[in-house]
Every structure is written in structure tokens, then in C-alpha cells.
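Structure, as C-alpha cells:
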Amino acid sequence: MSVANVTPPPRPPLIRHSVTEVGRVFLEMGGSALLRPLLRRLPRGDGHSIIVLPGFMAADASTAGLRNFLNAQGYNAMPWGLGRHGGGDRAASLEAALAARSDTESRVASLVHSEFQRTGRKVTLIGWSLGGLVAVALAHRHPDWLRRVITLGTPYGDPRGTALYRVMSGRNPGPADEEGIRRWVQHAYQGELQVPVLALYSKTDGIVGRDIAQCEADARWVRNVAVPASHIGFPFNPLVRAVIARELAQV
């Protein structure tokens, strides 16, 4: 996408945070392994279903470790089962990109509804990065099926505030002006929010800049909480897992 007349631009992540992403992930993985005995002492789950949504260009393998942790805590953590999360990565226009998001949301809504009907219990959605936008959109549109939403490193604002924007703008040649950016951002907020949302973000995220990392939905339902994590490492980070477990234990 090419952008014209959009001001002021959000700040992308600091270069030092972006270039250390991969190294930090291995530290976060190691931390979770080392702290596994302590993590097992976190509040136990009540068995309700949790669907974990992967980030941009990722699939269920990327969330397997987080789901294994949640299952060990006593939840029924499920993959989304929809393959790689493309997010309209090759859409030729803003309209096509928004249509791709809507299609993904509809498919995830079907999964949530099926699980709600099967168990008779509301479902939790955990969305990593782009998956968080899907989760928050469904929280606005299907509150009767959802218990809560947790997002991890989600780019809520102007996509120019991500480290991937220049790459994606070359793949998506369709024009996007200030109105287009507004529509992209507001897409996730359509409807009345009646589901608790915990938005975890990191001030050292190397992919999503801090200017666009907080959820701006109804403040009565939303909590934005900063955690020390890399973007890629959110699902593997021991502190993130601890925060998630404590959040899920709340009635």
C-alpha cells in the first residue's frame, strides 16, 4: 500500500529491538523451561476451551508451546486449524485486505460458536499479533460466546508503526490514505464491547511499535499491560505465561 497525506506517522520499533528479536526468543524459551516448576504452581484452570490464534504469516505450530502450557494448567487449549494466517498479505487493495480480515473473522467465529454449542460454556480467545485483531473484533460482535480475550503484541493502530510496513507496502500496491488507515484501525472495534480484554504489549517489541500497541476499545472492558518481551517471544515468555494464567483464573 502507498500512503498519502497521513499525519503524524507513528514511530516504528527501535532498530536495536528489531535486530535482537531472534536472540531474545531463545532466552525466553530457556526461561520458560528453567521456570517450569514455578509456572506449574500458577492457578489451575477450570477446563473451559481456549482457542489460540497465530500471528501474521504464522500457523498453529507457533502457538503449540503456549497451548501445551495451558493444557497442563487444566484448560482445553485448541489450535485454530485454519493454516497460515495470511491476513490479506497479497491483497491488491484496502478493500481486499479488509475483506480478507472479515473472512478470517467469520471462520474463527464459526469455530467459537461450535465450541460454545458443544460445551455450553463461553470460550476464551488468545490472539498473538494479528490474531489479536481477530480476537478483539469477535469480542465486539459475539459477546454471547466469549468469556474473555487476551492479545499478545497486537498492532492496534496505524500499520506504519510496525517494522514490517515497508515490506508489506511493496506487496500491496493499492492506495491507502488517511481515511483508509482509519478504516483499517476501526475495523476491529465495530459493535459494543461487553467482553473483558487484556492487551499485553512490550515497550521493547521489535515488530510492533509502542505507539500502536495498546487497545483503544471501551476502557470499561480493556486493560493494557506492558510486559518485557520480544514480539516473536510472546507465546514463549515465562512472565507472559504467568500473566495469562492469572488472568484466566479470574471469574
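Ligands are numbered from 1 in the order shown, residues from 1 within each chain, and chains are lettered A, B, ... in the order they appear in the C-alpha cells.
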Open item on the list: Neighbouring residues of His140 of chain A were defined as those with any atom within 12 Å, considering only C-alpha atoms; residues of the same chain fewer than 4 positions away were excluded. Please report them as a list of chain:residue names.
Closed with: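 Close residues of His140 of chain A: A:Glu105, A:Ala109, A:Leu133, A:Val134, A:Ala135, A:Val136, A:Asp144, A:Trp145, A:Leu146, A:Arg148, A:Val149, A:Gln186, A:His187, A:Ala188, A:Tyr189, A:Gln190, A:Gly191, A:Glu192, A:Leu193, A:Gln194, A:Val195, A:Pro196, A:Val197, A:Ala217, A:Asp218, A:Trp221, A:Val222.
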TODO: Mind the document's chain letters and residue numbers, and return as an NGL selection string the residues of segment 99-157 of chain A that DSSP labels alpha helix (DSSP H).
DONE: :A and (99-119 or 130-141)
TODO: Have a look at A:Pro13, A:Pro37, A:Gly23, A:Gly47 and name the one nearest to Thr119 of chain A; count only C-alpha atoms.
DONE: A:Gly47
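Counting only C-alpha atoms and comparing A:Asn76, A:Thr20, A:Ser129, A:Asn71, the residue that lies closest to Pro235 of chain A is A:Ser129.
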Task: Selected residue, from A:Gly65, A:Val185, A:Ala199, A:Glu247, that lies nearest to Ser32 of chain A when counting only C-alpha atoms - done: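 Looking only at the distances to Ser32 of chain A, the closest residue turns out to be A:Gly65.
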Would you give me, as CSV, each residue of segment 63-161 of chain A having an atom within 12 Å of an atom of segment 205-212 of chain A, along with its shortest atom pair and that distance in Å to one decimal, using only C-alpha atoms and sorting by chain and residue number?
residue,atom,partner,partner_atom,distance
A:Trp128,CA,A:Val208,CA,11.7
A:Ser129,CA,A:Val208,CA,8.4
A:Leu130,CA,A:Val208,CA,10.4
A:Leu152,CA,A:Asp205,CA,10.6
A:Gly153,CA,A:Val208,CA,6.8
A:Thr154,CA,A:Val208,CA,7.3
A:Pro155,CA,A:Ile212,CA,5.7
A:Tyr156,CA,A:Ile212,CA,5.4
A:Gly157,CA,A:Ile212,CA,4.3
A:Asp158,CA,A:Ile212,CA,6.5
A:Pro159,CA,A:Ile212,CA,7.9
A:Arg160,CA,A:Gly209,CA,9.0
A:Gly161,CA,A:Gly209,CA,5.3
Take the residues that were just selected and, keeping N, CA and C atoms, output them as an mmCIF file, in the first residue's frame.
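Result file part-v1.cif:
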data_model
loop_
_atom_site.group_PDB
_atom_site.id
_atom_site.type_symbol
_atom_site.label_atom_id
_atom_site.label_comp_id
_atom_site.auth_asym_id
_atom_site.auth_seq_id
_atom_site.Cartn_x
_atom_site.Cartn_y
_atom_site.Cartn_z
ATOM 1 N N TRP A 128 -2.316 -13.761 19.146
ATOM 2 C CA TRP A 128 -0.951 -13.242 19.085
ATOM 3 C C TRP A 128 -0.820 -12.329 17.875
ATOM 4 N N SER A 129 -0.350 -11.113 18.064
ATOM 5 C CA SER A 129 -0.100 -10.158 16.986
ATOM 6 C C SER A 129 -1.370 -9.937 16.165
ATOM 7 N N LEU A 130 -1.337 -10.222 14.855
ATOM 8 C CA LEU A 130 -2.519 -10.027 14.022
ATOM 9 C C LEU A 130 -3.707 -10.845 14.520
ATOM 10 N N LEU A 152 -1.627 -10.555 22.473
ATOM 11 C CA LEU A 152 -0.182 -10.550 22.706
ATOM 12 C C LEU A 152 0.507 -9.778 21.585
ATOM 13 N N GLY A 153 1.035 -8.612 21.891
ATOM 14 C CA GLY A 153 1.784 -7.859 20.897
ATOM 15 C C GLY A 153 0.992 -7.510 19.659
ATOM 16 N N THR A 154 -0.234 -7.095 19.843
ATOM 17 C CA THR A 154 -1.119 -6.824 18.704
ATOM 18 C C THR A 154 -0.940 -5.397 18.181
ATOM 19 N N PRO A 155 -0.833 -5.230 16.856
ATOM 20 C CA PRO A 155 -0.694 -3.891 16.262
ATOM 21 C C PRO A 155 -2.055 -3.232 16.082
ATOM 22 N N TYR A 156 -2.510 -2.520 17.095
ATOM 23 C CA TYR A 156 -3.860 -1.959 17.076
ATOM 24 C C TYR A 156 -4.003 -0.713 16.193
ATOM 25 N N GLY A 157 -2.925 0.010 15.993
ATOM 26 C CA GLY A 157 -3.050 1.293 15.308
ATOM 27 C C GLY A 157 -2.546 1.290 13.882
ATOM 28 N N ASP A 158 -2.163 2.462 13.427
ATOM 29 C CA ASP A 158 -1.653 2.707 12.079
ATOM 30 C C ASP A 158 -0.532 1.706 11.763
ATOM 31 N N PRO A 159 -0.690 0.898 10.718
ATOM 32 C CA PRO A 159 0.305 -0.147 10.431
ATOM 33 C C PRO A 159 1.688 0.381 10.095
ATOM 34 N N ARG A 160 1.822 1.691 9.834
ATOM 35 C CA ARG A 160 3.154 2.242 9.613
ATOM 36 C C ARG A 160 4.008 2.177 10.879
ATOM 37 N N GLY A 161 3.382 1.903 12.008
ATOM 38 C CA GLY A 161 4.116 1.771 13.261
ATOM 39 C C GLY A 161 4.694 0.393 13.484
#
